[in-house]
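run10.txt follows; it contains compact mmCIF, C-alpha atoms.
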# COMPACT_ATOMS: atom_id res chain seq x y z
CA MET A 309 1.84 8.06 11.45
CA SER A 310 3.62 4.85 10.62
CA GLY A 311 7.06 5.50 12.01
CA ILE A 312 8.53 4.45 8.65
CA THR A 313 11.76 6.38 8.37
CA ASN A 314 13.06 5.06 5.05
CA TRP A 315 10.21 4.66 2.58
CA ASP A 316 12.53 2.97 0.06
CA ASP A 317 12.49 -0.05 2.39
CA VAL A 318 8.84 -0.74 1.50
CA LEU A 319 9.50 -1.05 -2.26
CA LYS A 320 8.66 -4.53 -3.59
CA LYS A 321 7.02 -5.46 -0.25
CA GLU A 322 3.44 -6.61 0.30
CA ALA A 323 0.81 -4.04 1.21
CA ARG A 324 -2.12 -4.98 3.43
CA GLY A 325 -5.19 -3.19 4.67
CA ILE A 326 -7.57 -3.76 7.57
CA ASP A 327 -8.58 -7.43 8.03
CA ASP A 328 -5.49 -8.45 6.01
CA TYR A 329 -7.02 -7.08 2.79
CA ASP A 330 -4.55 -7.59 -0.08
CA LEU A 331 -3.45 -4.26 -1.59
CA GLY A 332 -0.76 -5.83 -3.78
CA GLU A 333 2.95 -5.09 -3.92
CA VAL A 334 4.54 -1.66 -3.54
CA HIS A 335 5.87 -0.54 -6.93
CA ASP A 336 6.40 3.21 -6.64
CA LEU A 337 6.56 6.08 -4.19
CA ASP A 338 6.19 9.82 -4.38
CA ALA A 339 6.11 12.54 -1.73
CA ASP A 340 2.66 11.63 -0.35
CA THR A 341 1.63 8.39 -2.06
CA VAL A 342 2.48 4.70 -2.16
CA VAL A 343 1.57 3.01 -5.46
CA THR A 344 0.75 -0.70 -5.29
CA LYS A 345 -0.13 -3.24 -7.97
CA ARG A 346 -2.21 -6.35 -7.41
CA GLY A 347 -2.92 -9.21 -9.80
CA ILE A 348 -1.25 -11.25 -12.48
CA VAL A 349 -3.07 -10.41 -15.72
CA ASP A 350 -5.54 -7.67 -14.83
CA LYS A 351 -3.52 -5.51 -12.49
CA ASP A 352 -5.26 -3.26 -9.98
CA LYS A 353 -3.30 -0.13 -9.03
CA PHE A 354 -3.85 1.56 -5.70
CA TYR A 355 -2.59 5.06 -4.88
CA LEU A 356 -2.48 5.00 -1.08
CA PRO A 357 -1.70 8.06 1.03
CA LYS A 358 1.45 7.59 3.09
CA ASN A 359 -0.38 9.04 6.09
CA ARG A 360 -2.64 5.94 6.08
CA ALA A 361 0.35 3.61 6.66
CA VAL A 362 0.32 2.28 10.21
CA ARG A 363 3.31 -0.05 10.39
CA PHE A 364 6.02 -1.88 8.49
CA ASP A 365 7.38 -5.17 9.82
CA GLY A 366 10.16 -5.60 7.26
CA HIS A 367 8.01 -7.80 5.02
CA LYS A 368 4.63 -6.09 4.83
CA VAL A 369 3.44 -2.52 5.06
CA TRP A 370 0.04 -2.15 6.73
CA PHE A 371 -2.46 0.59 5.89
CA ASN A 372 -5.47 1.81 7.84
CA VAL A 373 -7.72 1.14 4.82
CA THR A 374 -10.77 -1.12 4.59
CA LYS A 375 -11.71 -3.10 1.49
CA ASP A 376 -14.45 -0.56 0.69
CA GLU A 377 -12.15 2.44 1.24
CA ALA A 378 -9.53 0.86 -1.06
CA LYS A 379 -11.92 1.27 -4.00
CA ALA A 380 -11.55 5.05 -3.68
CA PHE A 381 -7.76 4.73 -4.05
CA LYS A 382 -7.94 2.35 -7.04
CA LYS A 383 -7.12 3.73 -10.49
CA ASP A 384 -6.54 2.21 -13.90

Rewritten as structure tokens:
Amino acid sequence: MSGITNWDDVLKKEARGIDDYDLGEVHDLDADTVVTKRGIVDKDKFYLPKNRAVRFDGHKVWFNVTKDEAKAFKKD
């Protein structure tokens, strides 16, 4: 698990996957999911499981998710 104790700290922070893959900015949280949005006009939304978060450095939250795996978490 990530060791993130206060999930509210990750709101409005960058989200990154494996190999620095851009997952957008954290916009919402629920009990098990982090919702991110990426893009200016055509926004991609990712619904990432909290249990895939590996660390938070105060500026970015990192997820154990590859670019290909991210497609499974992407919704319109």

Discussion item. Using all atoms listed in the file for the distances, tell me which of A:Val373, A:Lys358, A:Leu337, A:Asp350 is nearest to A:Arg324.
Written reply: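 Of the candidates, the smallest distance to A:Arg324 is held by A:Val373.
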
Worksheet item: Any idea what the distance is between atom CA of A:Gly366 and atom CA of A:Lys379?
Response: 25.7 Å

Item to complete: Counting all atoms listed in the file, figure out which residue out of A:Ala380, A:Ala361, A:Val369, A:Val349 gets nearest to A:Val334.
Response: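 Closest to A:Val334 of all the choices is A:Val369.
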
Discussion item. Between A:Phe354, A:Phe371, A:Tyr329, A:Phe364, which residue has the minimum interatomic distance to A:Asp316, considering only C-alpha atoms?
Written reply: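 Checking each candidate against A:Asp316, we get A:Phe364 as the closest.
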
Item to complete: Between atom CA of A:Leu356 and atom CA of A:Glu333, measure the distance and give it in Å to one decimal.
Response: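 Atom CA of A:Leu356 sits 11.8 Å away from atom CA of A:Glu333.
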
Practice prompt. Go through A:Asp317, A:Asp376, A:Trp370, A:Lys382 one by one, measure the shortest atom-to-atom distance of each to A:Arg346 using only C-alpha atoms, and give the residue with the smallest value.
Written response: A:Lys382

Discussion item. Using all atoms listed in the file, list the residues that have an atom at most 8 Å from (-1.7, 0.0, -8.3), coordinates as in the file, as number ranges by chain.
Written reply: A: 332, 335, 343-346, 351-355, 382-384

Worksheet item: What is the distance between atom CA of A:Pro357 and atom CA of A:Val342, in Å to one decimal?
Response: 6.2 Å

Worksheet entry | Distance criterion (all atoms listed in the file): nearest to A:Asp330 out of A:Thr374, A:Trp315, A:Phe381, A:His367 |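 Ranked by minimum distance to A:Asp330, first place goes to A:Thr374.
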
Worksheet entry | Selected residue of minimal separation from A:Thr341 among A:Asn359, A:Asn372, A:Gly325, A:Gly311, counting only C-alpha atoms |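 For A:Thr341, the nearest of the given residues is A:Asn359.
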
Fill-in result for stretch 316-348 of chain A, N, CA and C atoms as a compact mmCIF listing (two decimals), in the coordinates of the input:
# COMPACT_ATOMS: atom_id res chain seq x y z
N ASP A 316 11.98 3.88 1.08
CA ASP A 316 12.53 2.97 0.06
C ASP A 316 12.53 1.52 0.53
N ASP A 317 12.52 1.32 1.84
CA ASP A 317 12.49 -0.05 2.39
C ASP A 317 11.21 -0.79 2.05
N VAL A 318 10.12 -0.08 1.77
CA VAL A 318 8.84 -0.74 1.50
C VAL A 318 8.68 -1.13 0.03
N LEU A 319 9.59 -0.67 -0.85
CA LEU A 319 9.50 -1.05 -2.26
C LEU A 319 9.58 -2.56 -2.42
N LYS A 320 8.73 -3.10 -3.28
CA LYS A 320 8.66 -4.53 -3.59
C LYS A 320 8.17 -5.37 -2.40
N LYS A 321 7.58 -4.73 -1.40
CA LYS A 321 7.02 -5.46 -0.25
C LYS A 321 5.50 -5.53 -0.39
N GLU A 322 4.89 -6.47 0.31
CA GLU A 322 3.44 -6.61 0.30
C GLU A 322 2.78 -5.45 1.03
N ALA A 323 1.62 -5.07 0.54
CA ALA A 323 0.81 -4.04 1.21
C ALA A 323 -0.50 -4.69 1.64
N ARG A 324 -0.90 -4.41 2.87
CA ARG A 324 -2.12 -4.98 3.43
C ARG A 324 -2.96 -3.89 4.07
N GLY A 325 -4.27 -4.10 4.02
CA GLY A 325 -5.19 -3.19 4.67
C GLY A 325 -5.79 -3.82 5.91
N ILE A 326 -6.86 -3.24 6.40
CA ILE A 326 -7.57 -3.76 7.57
C ILE A 326 -8.12 -5.15 7.22
N ASP A 327 -8.13 -6.04 8.21
CA ASP A 327 -8.58 -7.43 8.03
C ASP A 327 -7.73 -8.17 7.00
N ASP A 328 -6.45 -7.79 6.89
CA ASP A 328 -5.49 -8.45 6.01
C ASP A 328 -5.88 -8.34 4.54
N TYR A 329 -6.61 -7.28 4.18
CA TYR A 329 -7.02 -7.08 2.79
C TYR A 329 -5.79 -6.87 1.91
N ASP A 330 -5.70 -7.63 0.82
CA ASP A 330 -4.55 -7.59 -0.08
C ASP A 330 -4.58 -6.33 -0.95
N LEU A 331 -3.59 -5.48 -0.79
CA LEU A 331 -3.45 -4.26 -1.59
C LEU A 331 -2.34 -4.40 -2.63
N GLY A 332 -1.79 -5.59 -2.76
CA GLY A 332 -0.76 -5.83 -3.78
C GLY A 332 0.65 -5.62 -3.27
N GLU A 333 1.53 -5.31 -4.22
CA GLU A 333 2.95 -5.09 -3.92
C GLU A 333 3.29 -3.64 -4.21
N VAL A 334 4.12 -3.05 -3.36
CA VAL A 334 4.54 -1.66 -3.54
C VAL A 334 5.45 -1.57 -4.76
N HIS A 335 5.08 -0.69 -5.71
CA HIS A 335 5.87 -0.54 -6.93
C HIS A 335 6.47 0.84 -7.10
N ASP A 336 5.88 1.86 -6.45
CA ASP A 336 6.40 3.21 -6.64
C ASP A 336 6.03 4.07 -5.45
N LEU A 337 6.77 5.14 -5.28
CA LEU A 337 6.56 6.08 -4.19
C LEU A 337 6.68 7.50 -4.73
N ASP A 338 5.91 8.41 -4.15
CA ASP A 338 6.19 9.82 -4.38
C ASP A 338 6.09 10.51 -3.02
N ALA A 339 6.04 11.81 -3.00
CA ALA A 339 6.11 12.54 -1.73
C ALA A 339 5.00 12.14 -0.75
N ASP A 340 3.80 11.90 -1.24
CA ASP A 340 2.66 11.63 -0.35
C ASP A 340 1.95 10.32 -0.60
N THR A 341 2.39 9.55 -1.61
CA THR A 341 1.63 8.39 -2.06
C THR A 341 2.50 7.15 -2.22
N VAL A 342 1.89 6.00 -1.90
CA VAL A 342 2.48 4.70 -2.16
C VAL A 342 1.64 4.05 -3.26
N VAL A 343 2.29 3.64 -4.35
CA VAL A 343 1.57 3.01 -5.46
C VAL A 343 1.79 1.50 -5.38
N THR A 344 0.67 0.76 -5.34
CA THR A 344 0.75 -0.70 -5.29
C THR A 344 0.08 -1.29 -6.52
N LYS A 345 0.50 -2.49 -6.87
CA LYS A 345 -0.13 -3.24 -7.97
C LYS A 345 -0.50 -4.62 -7.45
N ARG A 346 -1.71 -5.05 -7.85
CA ARG A 346 -2.21 -6.35 -7.41
C ARG A 346 -2.74 -7.10 -8.62
N GLY A 347 -2.41 -8.38 -8.73
CA GLY A 347 -2.92 -9.21 -9.80
C GLY A 347 -1.85 -9.65 -10.77
N ILE A 348 -2.19 -10.69 -11.51
CA ILE A 348 -1.25 -11.25 -12.48
C ILE A 348 -1.51 -10.68 -13.87
